[in-house]
$ cat target20.cif   # mmCIF, C-alpha atoms
data_my_file
#
loop_
_atom_site.label_atom_id
_atom_site.label_comp_id
_atom_site.auth_asym_id
_atom_site.auth_seq_id
_atom_site.Cartn_x
_atom_site.Cartn_y
_atom_site.Cartn_z
CA MET A 1 34.71 -11.96 -4.38
CA ARG A 2 35.20 -8.39 -5.57
CA PRO A 3 37.16 -5.97 -3.40
CA SER A 4 35.38 -3.96 -0.75
CA LEU A 5 34.09 -0.49 -1.47
CA LEU A 6 37.19 1.00 0.14
CA LEU A 7 39.06 0.18 -3.04
CA ARG A 8 39.05 1.71 -6.48
CA PRO A 9 40.26 -0.39 -9.39
CA SER A 10 42.71 1.36 -11.67
CA ILE A 11 42.24 -1.09 -14.58
CA GLY A 12 40.23 -4.09 -13.42
CA TRP A 13 38.79 -5.32 -10.17
CA ARG A 14 42.05 -6.99 -9.35
CA SER A 15 44.18 -3.81 -9.30
CA PRO A 16 42.93 -1.93 -6.22
CA VAL A 17 43.88 1.64 -5.35
CA PRO A 18 43.08 3.13 -1.90
CA ILE A 19 39.88 5.16 -1.86
CA GLN A 20 41.81 8.21 -0.65
CA THR A 21 43.04 8.64 -4.24
CA LEU A 22 39.49 9.00 -5.57
CA PRO A 23 38.89 12.46 -7.05
CA LYS A 24 36.85 14.74 -4.85
CA ARG A 25 34.51 15.75 -7.65
CA ARG A 26 31.15 13.99 -7.74
CA TYR A 27 30.60 11.64 -10.65
CA ILE A 28 26.80 11.74 -10.42
CA SER A 29 26.45 15.48 -9.94
CA ALA A 30 23.78 17.55 -11.68
CA GLU A 31 26.44 18.77 -14.11
CA ALA A 32 27.49 15.22 -14.99
CA LEU A 33 23.89 14.09 -15.45
CA ASN A 34 23.30 16.88 -17.95
CA ARG A 35 25.91 15.67 -20.45
CA PRO A 36 24.57 14.20 -23.72
CA ILE A 37 26.59 10.95 -23.45
CA GLN A 38 27.47 9.41 -20.08
CA ILE A 39 29.16 6.18 -18.92
CA TYR A 40 29.15 4.95 -15.33
CA ARG A 41 30.53 1.91 -13.55
CA SER A 42 29.65 1.03 -9.97
CA LEU A 43 32.36 -0.06 -7.54
CA SER A 44 29.71 -1.63 -5.30
CA ASP A 45 28.36 -5.17 -5.47
CA ASP A 46 25.27 -4.28 -3.41
CA PRO A 47 22.20 -5.11 -5.55
CA TYR A 48 19.93 -2.69 -3.69
CA LEU A 49 22.41 0.15 -4.16
CA ASN A 50 23.15 -0.58 -7.82
CA LEU A 51 19.49 -0.77 -8.79
CA SER A 52 18.88 2.48 -6.90
CA ILE A 53 21.77 4.18 -8.72
CA GLU A 54 20.25 2.95 -11.97
CA HIS A 55 16.85 4.37 -11.01
CA HIS A 56 18.43 7.70 -10.05
CA LEU A 57 20.14 7.89 -13.45
CA LEU A 58 16.79 7.20 -15.12
CA GLN A 59 14.92 9.87 -13.16
CA SER A 60 17.55 12.59 -12.80
CA SER A 61 19.52 12.64 -16.05
CA ASN A 62 18.86 15.06 -18.88
CA ALA A 63 15.91 13.83 -20.96
CA GLY A 64 17.96 14.00 -24.14
CA SER A 65 21.00 12.14 -22.78
CA THR A 66 22.09 8.57 -23.40
CA ILE A 67 23.74 6.62 -20.57
CA LEU A 68 25.62 3.34 -20.19
CA PHE A 69 25.82 1.88 -16.67
CA ILE A 70 27.72 -1.34 -15.84
CA TYR A 71 27.73 -3.13 -12.48
CA PHE A 72 28.11 -6.52 -10.81
CA ASN A 73 26.13 -7.75 -7.80
CA LYS A 74 26.77 -10.19 -4.99
CA PRO A 75 24.59 -13.34 -5.17
CA SER A 76 20.97 -12.23 -5.56
CA ILE A 77 17.66 -13.39 -6.96
CA VAL A 78 16.07 -10.43 -8.71
CA ILE A 79 12.39 -10.63 -9.64
CA GLY A 80 10.50 -8.35 -12.02
CA ARG A 81 8.28 -5.51 -10.85
CA ASN A 82 5.03 -7.47 -11.33
CA GLN A 83 6.17 -10.95 -10.36
CA ASN A 84 5.18 -13.35 -7.60
CA PRO A 85 8.20 -14.43 -5.50
CA TRP A 86 6.43 -17.53 -4.15
CA LYS A 87 5.84 -18.69 -7.73
CA GLU A 88 9.36 -17.89 -8.96
CA ILE A 89 11.75 -18.71 -6.10
CA ASN A 90 12.71 -21.88 -4.28
CA PHE A 91 12.91 -20.18 -0.89
CA ALA A 92 14.12 -23.28 0.93
CA ARG A 93 17.09 -23.50 -1.46
CA GLN A 94 17.71 -19.76 -1.32
CA GLN A 95 17.86 -19.83 2.48
CA ARG A 96 20.68 -22.40 2.40
CA GLY A 97 22.90 -19.88 0.62
CA LEU A 98 25.85 -20.72 -1.62
CA PRO A 99 29.09 -22.48 -0.69
CA THR A 100 32.15 -20.25 -0.46
CA GLY A 101 34.72 -23.07 -0.41
CA GLU A 102 36.65 -21.56 2.47
CA PRO A 103 36.31 -22.54 5.22
CA VAL A 104 34.63 -25.86 4.58
CA ASN A 105 30.82 -25.71 4.83
CA ALA A 106 30.84 -21.89 4.90
CA THR A 107 28.09 -20.23 2.90
CA GLN A 108 27.22 -16.78 1.64
CA PRO A 109 23.67 -15.42 1.61
CA ILE A 110 21.54 -14.98 -1.49
CA HIS A 111 19.77 -11.63 -1.43
CA LEU A 112 16.17 -11.13 -2.55
CA VAL A 113 15.35 -8.11 -4.70
CA ARG A 114 12.29 -6.84 -6.56
CA ARG A 115 13.46 -4.44 -9.26
CA ARG A 116 11.44 -1.55 -10.66
CA SER A 117 11.41 -2.80 -14.25
CA GLY A 118 9.27 -5.58 -15.69
CA GLY A 119 10.40 -8.91 -17.08
CA GLY A 120 11.30 -12.20 -15.46
CA THR A 121 13.41 -13.48 -12.60
CA VAL A 122 17.19 -13.58 -12.90
CA PHE A 123 20.12 -14.62 -10.76
CA HIS A 124 23.00 -12.20 -10.19
CA ASP A 125 26.48 -12.87 -8.87
CA GLU A 126 30.02 -11.62 -9.34
CA GLY A 127 30.41 -13.61 -12.56
CA ASN A 128 27.22 -12.23 -14.13
CA ALA A 129 27.53 -8.71 -15.57
CA ASN A 130 24.73 -6.17 -15.55
CA TRP A 131 24.55 -3.58 -18.29
CA CYS A 132 22.02 -0.80 -18.66
CA VAL A 133 21.32 1.80 -21.35
CA ILE A 134 19.04 4.78 -20.68
CA CYS A 135 17.99 6.91 -23.64
CA PRO A 136 15.20 9.16 -24.98
CA PRO A 137 12.04 7.24 -26.00
CA PRO A 138 12.42 8.00 -29.74
CA ASP A 139 15.82 6.24 -29.67
CA PHE A 140 14.49 3.16 -27.85
CA ASP A 141 14.30 -0.23 -29.55
CA ARG A 142 14.14 -3.57 -27.72
CA ASP A 143 16.97 -5.02 -29.83
CA LYS A 144 19.13 -1.96 -30.45
CA HIS A 145 21.36 -2.14 -27.37
CA ALA A 146 21.24 -5.92 -27.09
CA GLU A 147 22.76 -5.92 -30.58
CA MET A 148 25.40 -3.51 -29.26
CA VAL A 149 26.32 -6.03 -26.58
CA VAL A 150 26.38 -8.84 -29.17
CA ARG A 151 28.88 -6.88 -31.27
CA ALA A 152 31.01 -6.35 -28.17
CA LEU A 153 30.91 -10.06 -27.33
CA LYS A 154 31.84 -11.06 -30.86
CA GLY A 155 34.76 -8.65 -30.64
CA ILE A 156 36.22 -10.61 -27.72
CA GLY A 157 35.80 -13.97 -29.39
CA CYS A 158 32.31 -15.12 -28.38
CA GLU A 159 31.09 -17.06 -31.39
CA GLY A 160 27.47 -17.86 -32.15
CA VAL A 161 25.95 -15.07 -30.04
CA ARG A 162 22.82 -13.34 -31.33
CA VAL A 163 19.62 -11.63 -30.22
CA ASN A 164 16.64 -13.97 -30.40
CA GLU A 165 12.94 -13.28 -30.97
CA ARG A 166 12.44 -12.66 -27.22
CA HIS A 167 15.13 -9.94 -27.28
CA ASP A 168 17.47 -12.10 -25.17
CA ILE A 169 21.08 -12.76 -26.11
CA VAL A 170 21.69 -16.45 -26.81
CA GLN A 171 24.64 -18.50 -27.96
CA ASP A 172 24.28 -21.19 -30.61
CA VAL A 173 26.63 -24.10 -30.05
CA ASP A 174 27.17 -27.34 -31.96
CA PRO A 175 23.74 -28.27 -33.41
CA ARG A 176 24.43 -31.87 -32.42
CA ASN A 177 24.24 -30.75 -28.78
CA SER A 178 21.02 -30.89 -26.84
CA PRO A 179 20.05 -28.14 -26.43
CA PRO A 180 21.88 -26.44 -29.30
CA THR A 181 21.21 -22.92 -27.96
CA PHE A 182 21.82 -21.41 -24.52
CA LYS A 183 20.65 -18.14 -23.01
CA VAL A 184 23.53 -15.92 -21.86
CA SER A 185 21.70 -12.63 -21.30
CA GLY A 186 18.14 -11.69 -20.37
CA SER A 187 16.60 -8.23 -20.74
CA ALA A 188 14.02 -6.06 -18.97
CA TYR A 189 12.69 -2.58 -19.62
CA LYS A 190 11.21 0.44 -17.90
CA LEU A 191 9.56 3.04 -20.10
CA THR A 192 8.41 6.46 -18.92
CA ARG A 193 7.03 9.44 -20.80
CA THR A 194 10.46 11.08 -21.06
CA ARG A 195 12.97 8.22 -20.64
CA SER A 196 13.52 4.59 -21.67
CA LEU A 197 15.63 2.04 -19.78
CA HIS A 198 16.87 -1.29 -21.12
CA HIS A 199 18.96 -3.43 -18.81
CA GLY A 200 20.26 -6.95 -19.06
CA THR A 201 22.56 -9.54 -17.57
CA CYS A 202 25.44 -11.39 -19.20
CA LEU A 203 26.76 -14.69 -17.85
CA LEU A 204 30.55 -14.48 -18.01
CA GLU A 205 32.13 -16.81 -15.47
CA SER A 206 29.55 -17.44 -12.76
CA THR A 207 30.63 -20.16 -10.35
CA ASN A 208 26.95 -20.63 -9.44
CA ALA A 209 25.51 -21.21 -12.91
CA SER A 210 24.66 -24.83 -12.07
CA SER A 211 22.51 -23.66 -9.12
CA ILE A 212 20.36 -21.21 -11.10
CA SER A 213 17.75 -23.73 -12.25
CA GLU A 214 17.18 -25.08 -8.73
CA LEU A 215 17.00 -21.61 -7.19
CA LEU A 216 14.44 -20.41 -9.73
CA ARG A 217 12.11 -23.40 -9.56
CA SER A 218 9.47 -22.97 -6.86
CA PRO A 219 7.69 -26.01 -5.41
CA ALA A 220 4.60 -23.81 -5.02
CA GLU A 221 4.28 -23.03 -8.73
CA PRO A 222 1.96 -25.97 -9.62
CA PHE A 223 -0.50 -24.86 -6.91
CA ILE A 224 -0.54 -21.11 -7.61
CA LYS A 225 -2.83 -19.19 -9.94
CA ALA A 226 -1.47 -15.69 -10.24
CA ALA A 227 -1.76 -12.46 -12.14
CA GLY A 228 1.49 -10.79 -13.15
CA VAL A 229 4.41 -11.97 -15.23
CA ASP A 230 5.76 -15.53 -15.33
CA SER A 231 9.39 -16.21 -16.10
CA VAL A 232 10.32 -18.19 -19.22
CA ARG A 233 12.92 -20.76 -18.23
CA SER A 234 15.82 -21.45 -20.59
CA PRO A 235 19.07 -23.42 -20.41
CA VAL A 236 21.98 -21.10 -19.60
CA LYS A 237 25.76 -21.16 -19.89
CA ASN A 238 28.81 -19.02 -19.18
CA LEU A 239 30.63 -17.27 -22.00
CA GLY A 240 33.99 -17.81 -20.34
CA LYS A 241 35.08 -14.16 -20.45
CA THR A 242 36.36 -11.97 -17.62
CA ASP A 243 34.59 -8.96 -16.21
CA GLY A 244 37.35 -6.71 -17.48
CA GLU A 245 37.08 -8.05 -21.03
CA PHE A 246 33.32 -7.56 -21.02
CA ARG A 247 33.40 -4.04 -19.59
CA GLN A 248 36.03 -2.80 -21.98
CA ALA A 249 34.33 -4.32 -25.02
CA VAL A 250 30.88 -2.94 -24.16
CA VAL A 251 32.22 0.52 -23.30
CA GLU A 252 34.14 0.71 -26.58
CA GLU A 253 31.12 -0.45 -28.58
CA PHE A 254 28.91 2.12 -26.83
CA LYS A 255 31.42 4.90 -27.59
CA LYS A 256 31.56 3.82 -31.22
CA MET A 257 27.77 3.62 -31.48
CA TYR A 258 27.34 7.18 -30.17
CA ASN A 259 30.47 8.62 -31.80
CA SER A 260 31.97 9.62 -28.44
CA PRO A 261 35.50 8.18 -28.30
CA GLU A 262 36.72 10.66 -25.67
CA ILE A 263 34.02 9.99 -23.06
CA ASN A 264 35.44 8.81 -19.72
CA VAL A 265 34.01 6.06 -17.55
CA ASN A 266 32.78 7.55 -14.26
CA LEU A 267 33.42 5.26 -11.28
CA VAL A 268 30.72 5.51 -8.60
CA ASN A 269 31.56 4.38 -5.07
CA GLU A 270 29.18 3.57 -2.25
CA GLN A 271 29.93 6.68 -0.19
CA GLU A 272 29.13 9.00 -3.08
CA ALA A 273 26.00 7.10 -4.04
CA LEU A 274 24.54 7.00 -0.54
CA ALA A 275 25.11 10.74 -0.17
CA VAL A 276 22.36 11.21 -2.78
CA GLU A 277 19.02 11.23 -0.97
CA SER A 278 17.00 9.56 -3.74
CA ILE A 279 19.53 6.71 -3.96
CA ARG A 280 19.59 6.23 -0.20
CA LYS A 281 15.78 6.17 -0.02
CA GLY A 282 15.68 3.85 -3.03
CA CYS A 283 17.88 1.34 -1.18
CA GLU A 284 15.63 1.49 1.86
CA GLU A 285 12.56 0.86 -0.27
CA LEU A 286 14.08 -2.10 -2.15
CA LYS A 287 15.17 -3.72 1.13
CA SER A 288 11.74 -3.41 2.76
CA PRO A 289 9.40 -6.43 3.04
CA GLU A 290 6.58 -4.09 2.00
CA TRP A 291 8.26 -3.67 -1.39
CA PHE A 292 9.53 -7.20 -1.99
CA TYR A 293 6.48 -9.11 -0.70
CA GLY A 294 3.80 -6.42 -0.51
CA GLN A 295 4.02 -5.50 -4.21
CA THR A 296 3.02 -9.02 -5.27
CA PRO A 297 -0.13 -9.08 -7.43
CA GLN A 298 -3.06 -10.99 -5.93
CA PHE A 299 -2.84 -14.79 -6.25
CA THR A 300 -4.50 -17.97 -5.06
CA LEU A 301 -3.00 -21.22 -3.82
CA SER A 302 -5.24 -24.28 -4.22
CA TRP A 303 -4.57 -27.86 -3.17
CA ASN A 304 -7.10 -29.20 -5.68
CA PRO A 305 -7.92 -28.12 -9.26
CA THR A 306 -10.51 -25.34 -9.43
CA SER A 307 -12.60 -23.76 -12.16
CA ASP A 308 -10.07 -20.90 -12.30
CA ASP A 309 -7.07 -23.24 -12.19
CA PRO A 310 -8.01 -26.67 -13.60
CA ARG A 311 -4.41 -27.96 -13.83
CA GLN A 312 -3.88 -31.39 -12.32
CA ARG A 313 -1.78 -31.13 -9.17
CA PRO A 314 1.48 -33.11 -9.12
CA GLU A 315 1.79 -35.98 -6.70
CA ASN A 316 5.50 -35.58 -6.13
CA VAL A 317 5.86 -31.91 -5.17
CA LEU A 318 6.01 -31.96 -1.38
CA THR A 319 2.80 -33.99 -1.29
CA ASN A 320 4.82 -36.80 0.31
CA LEU A 321 4.58 -34.71 3.49
CA ILE A 322 0.89 -35.62 3.72
CA ASN A 323 -0.32 -39.20 4.01
CA LYS A 324 -2.73 -40.36 1.30
CA ASP A 325 -5.60 -40.88 3.72
CA ILE A 326 -5.35 -37.22 4.73
CA ALA A 327 -4.67 -35.92 1.21
CA SER A 328 -7.80 -37.53 -0.18
CA THR A 329 -10.07 -35.54 2.15
CA LEU A 330 -8.07 -32.32 2.13
CA ASP A 331 -8.87 -29.03 0.45
CA ILE A 332 -6.93 -25.79 0.85
CA LYS A 333 -7.52 -22.47 -0.83
CA LEU A 334 -5.73 -19.30 0.18
CA THR A 335 -6.06 -15.92 -1.52
CA ILE A 336 -3.15 -13.56 -0.94
CA ARG A 337 -3.21 -9.85 -1.74
CA HIS A 338 -0.25 -7.49 -1.26
CA GLY A 339 1.57 -10.34 0.48
CA ASN A 340 -1.13 -10.77 3.16
CA ILE A 341 -3.74 -13.51 3.44
CA LYS A 342 -7.07 -12.13 2.25
CA GLU A 343 -9.26 -15.27 2.28
CA SER A 344 -8.76 -18.83 3.51
CA PHE A 345 -10.58 -22.13 3.20
CA ILE A 346 -9.30 -25.39 4.71
CA THR A 347 -11.21 -28.66 5.03
CA GLY A 348 -10.09 -32.14 6.02
CA LEU A 349 -8.80 -31.25 9.50
CA HIS A 350 -10.43 -32.29 12.76
CA TRP A 351 -11.67 -29.23 14.60
CA THR A 352 -12.63 -28.74 18.23
CA ASP A 353 -16.34 -28.82 19.08
CA GLU A 354 -16.17 -25.08 19.72
CA VAL A 355 -15.50 -24.28 16.06
CA ALA A 356 -16.74 -27.45 14.33
CA GLN A 357 -20.01 -25.85 13.28
CA ASP A 358 -18.25 -23.09 11.34
CA PRO A 359 -14.53 -23.87 11.10
CA ASN A 360 -13.95 -21.62 8.11
CA GLN A 361 -14.97 -18.56 10.10
CA ALA A 362 -12.48 -19.50 12.80
CA VAL A 363 -9.74 -20.19 10.26
CA ASN A 364 -10.47 -16.92 8.46
CA ASP A 365 -10.34 -14.96 11.69
CA ALA A 366 -7.01 -16.56 12.56
CA LEU A 367 -5.31 -16.16 9.18
CA ILE A 368 -6.73 -13.08 7.44
CA GLY A 369 -4.33 -10.15 7.40
CA SER A 370 -1.28 -12.27 8.25
CA PRO A 371 1.85 -11.54 6.16
CA LEU A 372 2.58 -14.71 4.22
CA HIS A 373 6.36 -14.39 4.60
CA GLN A 374 6.04 -14.31 8.41
CA ILE A 375 3.07 -16.51 9.27
CA ASP A 376 3.40 -19.61 11.43
CA PHE A 377 0.44 -21.72 10.27
CA LEU A 378 0.71 -24.26 13.10
CA SER A 379 0.76 -21.54 15.74
CA LYS A 380 -2.30 -19.88 14.17
CA LEU A 381 -4.38 -23.05 13.72
CA SER A 382 -3.33 -25.45 16.47
CA ARG A 383 -5.76 -24.01 19.02
CA PHE A 384 -8.63 -25.23 16.82
CA CYS A 385 -7.24 -28.77 16.60
CA LYS A 386 -9.26 -31.55 18.22
CA ASP A 387 -7.37 -33.19 21.08
CA SER A 388 -6.57 -36.60 19.62
CA PRO A 389 -3.48 -38.23 18.03
CA GLU A 390 -5.18 -38.49 14.63
CA SER A 391 -6.29 -34.85 14.71
CA LEU A 392 -2.81 -33.74 15.69
CA ARG A 393 -1.24 -35.84 12.92
CA ARG A 394 -3.48 -34.17 10.33
CA MET A 395 -2.81 -30.68 11.65
CA VAL A 396 0.97 -31.15 11.71
CA GLN A 397 1.18 -32.69 8.25
CA VAL A 398 -1.00 -30.02 6.63
CA THR A 399 0.84 -27.12 8.27
CA ASP A 400 4.19 -28.76 7.44
CA TRP A 401 3.10 -28.76 3.79
CA LEU A 402 2.00 -25.13 3.92
CA HIS A 403 5.34 -24.10 5.41
CA ALA A 404 7.29 -26.16 2.87
CA VAL A 405 5.38 -25.00 -0.19
CA PHE A 406 5.92 -21.35 0.79
CA GLY A 407 9.60 -21.98 1.58
CA LYS A 408 9.29 -21.52 5.32
CA GLU A 409 10.96 -23.47 8.10
CA ARG A 410 8.82 -25.77 10.20
CA SER A 411 6.99 -24.16 13.06
CA PRO A 412 8.95 -24.10 16.36
CA LEU A 413 5.76 -25.43 17.96
CA ARG A 414 6.03 -28.64 16.01
CA GLU A 415 8.70 -30.26 18.16
CA LYS A 416 6.72 -29.50 21.31
CA MET A 417 3.41 -30.72 19.95
CA ALA A 418 4.41 -33.74 17.85
CA PRO A 419 8.12 -34.59 17.86
CA GLU A 420 7.39 -38.18 16.74
CA ILE A 421 5.50 -37.22 13.56
#
$ encode --input "target20.cif" --output "structure tokens"
Amino acid sequence: MRPSLLLRPSIGWRSPVPIQTLPKRRYISAEALNRPIQIYRSLSDDPYLNLSIEHHLLQSSNAGSTILFIYFNKPSIVIGRNQNPWKEINFARQQRGLPTGEPVNATQPIHLVRRRSGGGTVFHDEGNANWCVICPPPDFDRDKHAEMVVRALKGIGCEGVRVNERHDIVQDVDPRNSPPTFKVSGSAYKLTRTRSLHHGTCLLESTNASSISELLRSPAEPFIKAAGVDSVRSPVKNLGKTDGEFRQAVVEEFKKMYNSPEINVNLVNEQEALAVESIRKGCEELKSPEWFYGQTPQFTLSWNPTSDDPRQRPENVLTNLINKDIASTLDIKLTIRHGNIKESFITGLHWTDEVAQDPNQAVNDALIGSPLHQIDFLSKLSRFCKDSPESLRRMVQVTDWLHAVFGKERSPLREKMAPEI
């Protein structure tokens, strides 16, 4: 883990100096943001803070300036501005966290973040660098600064790295390998009328690289038809370089590119950053459920193929939670807008006589408006369940599936209602 924010590295993360020695001048002052060439490095590993610092640099710096910002985050899954978290993330796996090694069975949380730029979903941790370049729109090119990072990587001995046709940085290895090419850095962009932002990751020595594929593979994906941006999955690998090597190489390449050898790296600590109102409010926004879930474009989950989503549904993605006799008569269709259920349709359950004539109206009334990340389906629907063992079995299995496919824990009601199922 990186040192706490009460420390300031003098050379690398592993050479801490007490924060009392930090200069009193502000590194992200109006005067600093007006310089033509600027370089910043965050001393925080808070993903919400670092992305808010980045956004502040984009919005508040001189329109003609060019900025390099480097930071590392604690374990986080970061989705793009227009992505669907239920389609991108294995929430059940994310909720288990990551092993720390000490003490045995201890885990650390994985944070969930929706960034303000587009692009796909990425995993951040202390072994995965984040680099960002902000520049005037006429100077923007999707490959320009990725090529800068490639030159830096080659300078520290990373062979076979290049920018591919998707503007990602990849590493070609022995062509006899399968696959012969691995992704080491993904990119995303935010373009405004006066500024352009290009940021990317770079896998250096992540201890969690083997978990990335599982974390970013949602069991709900085969059942979801969504607007927005889908991630393109690629095999990944570490480059085997330290954070210090990467930072120094990228900073030097940036200085060379912009003919600014004397520019200093400004170190930004948490106290300074949070003293800036726009950064503090940015953190609050990124942490809010309304931002992470509520900004999701409208989507539909369907148990069966539909005219809008004719894909065949897999038989081995959580469908083992529902017996075949129930599955064959089941149909589920939920429409979710801004993270809340907008429409619902469920057939194949046994309803009470009170609602049997028009069960969909009852189900709609119970579910519509419910936030998907909070809803307890069994609690909402159980009062409409016919009082019989078979009816209860159907209700429990279907709501178990809904909870599992959306990465939610089983309903607390389940053990009271049907502990034997």
$ closest_residue --input "target20.cif" --among "A:Thr296, A:Thr207, A:Gln271, A:Thr399" --to "A:Ile332" --atoms "all atoms listed in the file"
A:Thr399
$ resolve_selection --input "target20.cif" --expression "the PyMOL selection byres ((chain A and resi 143) around 9)" --output "PyMOL selection string"
chain A and resi 140-142+144-148+163-164+167-168
$ closest_residue --input "target20.cif" --among "A:Leu51, A:Val268, A:Leu239, A:Ile263" --to "A:Pro36" --atoms "all atoms listed in the file"
A:Ile263
$ residues_around --input "target20.cif" --residues "stretch 105-118 of chain A" --least-positions-apart "4" --cutoff "7 Å" --atoms "all atoms listed in the file" --output "short mmCIF file (atom, residue, chain, number, x, y, z; two decimals) with C-alpha atoms, in the coordinates of the input"
data_model
loop_
_atom_site.label_atom_id
_atom_site.label_comp_id
_atom_site.auth_asym_id
_atom_site.auth_seq_id
_atom_site.Cartn_x
_atom_site.Cartn_y
_atom_site.Cartn_z
CA PRO A 75 24.59 -13.34 -5.17
CA SER A 76 20.97 -12.23 -5.56
CA ILE A 77 17.66 -13.39 -6.96
CA VAL A 78 16.07 -10.43 -8.71
CA ILE A 79 12.39 -10.63 -9.64
CA GLY A 80 10.50 -8.35 -12.02
CA ARG A 81 8.28 -5.51 -10.85
CA ASN A 82 5.03 -7.47 -11.33
CA GLN A 94 17.71 -19.76 -1.32
CA GLY A 97 22.90 -19.88 0.62
CA LEU A 98 25.85 -20.72 -1.62
CA PRO A 99 29.09 -22.48 -0.69
CA THR A 100 32.15 -20.25 -0.46
CA GLY A 101 34.72 -23.07 -0.41
CA ALA A 188 14.02 -6.06 -18.97
CA TYR A 189 12.69 -2.58 -19.62
CA LYS A 190 11.21 0.44 -17.90
CA LEU A 286 14.08 -2.10 -2.15
CA PHE A 292 9.53 -7.20 -1.99
#
$ residues_around --input "target20.cif" --residues "stretch 327-330 of chain A" --least-positions-apart "3" --cutoff "6 Å" --atoms "only C-alpha atoms" --output "list in words"
Lys324, Thr347 and Gly348 of chain A
$ atom_distance --input "target20.cif" --atom1 "atom CA of A:Ile368" --atom2 "atom CA of A:Ala220"
20.0 Å
$ atom_distance --input "target20.cif" --atom1 "atom CA of A:Leu381" --atom2 "atom CA of A:Gln357"
15.9 Å
$ residues_around --input "target20.cif" --residues "A:Gly160" --least-positions-apart "6" --cutoff "9 Å" --atoms "all atoms listed in the file" --output "PyMOL selection string"
chain A and resi 154+170-173
$ closest_residue --input "target20.cif" --among "A:Ser382, A:Pro419, A:Arg247, A:Cys283" --to "A:Val265" --atoms "all atoms listed in the file"
A:Arg247
$ residues_around --input "target20.cif" --residues "A:Val232" --least-positions-apart "6" --cutoff "12 Å" --atoms "only C-alpha atoms" --output "PyMOL selection string"
chain A and resi 88+119-122+166+168+183+186-187+213+216-217
$ closest_residue --input "target20.cif" --among "A:Phe345, A:Phe384, A:Trp86, A:Phe377" --to "A:Gln397" --atoms "all atoms listed in the file"
A:Phe377
$ resolve_selection --input "target20.cif" --expression "the PyMOL selection byres ((chain A and resi 127) around 10)" --output "PDB file with C-alpha atoms, keeping the file's coordinate frame"
ATOM      1  CA  MET A   1      34.710 -11.960  -4.380  1.00  0.00           C
ATOM      2  CA  ARG A   2      35.200  -8.390  -5.570  1.00  0.00           C
ATOM      3  CA  PHE A  72      28.110  -6.520 -10.810  1.00  0.00           C
ATOM      4  CA  ASN A  73      26.130  -7.750  -7.800  1.00  0.00           C
ATOM      5  CA  LYS A  74      26.770 -10.190  -4.990  1.00  0.00           C
ATOM      6  CA  PRO A  75      24.590 -13.340  -5.170  1.00  0.00           C
ATOM      7  CA  HIS A 124      23.000 -12.200 -10.190  1.00  0.00           C
ATOM      8  CA  ASP A 125      26.480 -12.870  -8.870  1.00  0.00           C
ATOM      9  CA  GLU A 126      30.020 -11.620  -9.340  1.00  0.00           C
ATOM     10  CA  ASN A 128      27.220 -12.230 -14.130  1.00  0.00           C
ATOM     11  CA  ALA A 129      27.530  -8.710 -15.570  1.00  0.00           C
ATOM     12  CA  ASN A 130      24.730  -6.170 -15.550  1.00  0.00           C
ATOM     13  CA  CYS A 202      25.440 -11.390 -19.200  1.00  0.00           C
ATOM     14  CA  LEU A 203      26.760 -14.690 -17.850  1.00  0.00           C
ATOM     15  CA  LEU A 204      30.550 -14.480 -18.010  1.00  0.00           C
ATOM     16  CA  GLU A 205      32.130 -16.810 -15.470  1.00  0.00           C
ATOM     17  CA  SER A 206      29.550 -17.440 -12.760  1.00  0.00           C
ATOM     18  CA  THR A 207      30.630 -20.160 -10.350  1.00  0.00           C
ATOM     19  CA  ASN A 208      26.950 -20.630  -9.440  1.00  0.00           C
ATOM     20  CA  ALA A 209      25.510 -21.210 -12.910  1.00  0.00           C
ATOM     21  CA  ASN A 238      28.810 -19.020 -19.180  1.00  0.00           C
ATOM     22  CA  GLY A 240      33.990 -17.810 -20.340  1.00  0.00           C
ATOM     23  CA  LYS A 241      35.080 -14.160 -20.450  1.00  0.00           C
ATOM     24  CA  THR A 242      36.360 -11.970 -17.620  1.00  0.00           C
ATOM     25  CA  ASP A 243      34.590  -8.960 -16.210  1.00  0.00           C
TER      26      ASP A 243
END
$ closest_residue --input "target20.cif" --among "A:Ala226, A:Ile53, A:Leu349, A:Leu43" --to "A:Gly282" --atoms "all atoms listed in the file"
A:Ile53
$ closest_residue --input "target20.cif" --among "A:Glu102, A:Glu285, A:Glu252, A:Asp400" --to "A:Leu153" --atoms "only C-alpha atoms"
A:Glu252
$ atom_distance --input "target20.cif" --atom1 "atom CA of A:Leu334" --atom2 "atom CA of A:Ala92"
20.3 Å
$ resolve_selection --input "target20.cif" --expression "the PyMOL selection byres ((chain A and resi 67) around 9)" --output "JSON, numbers by chain"
{"A": [36, 37, 38, 39, 40, 57, 58, 61, 65, 66, 68, 69, 132, 133, 134, 135]}
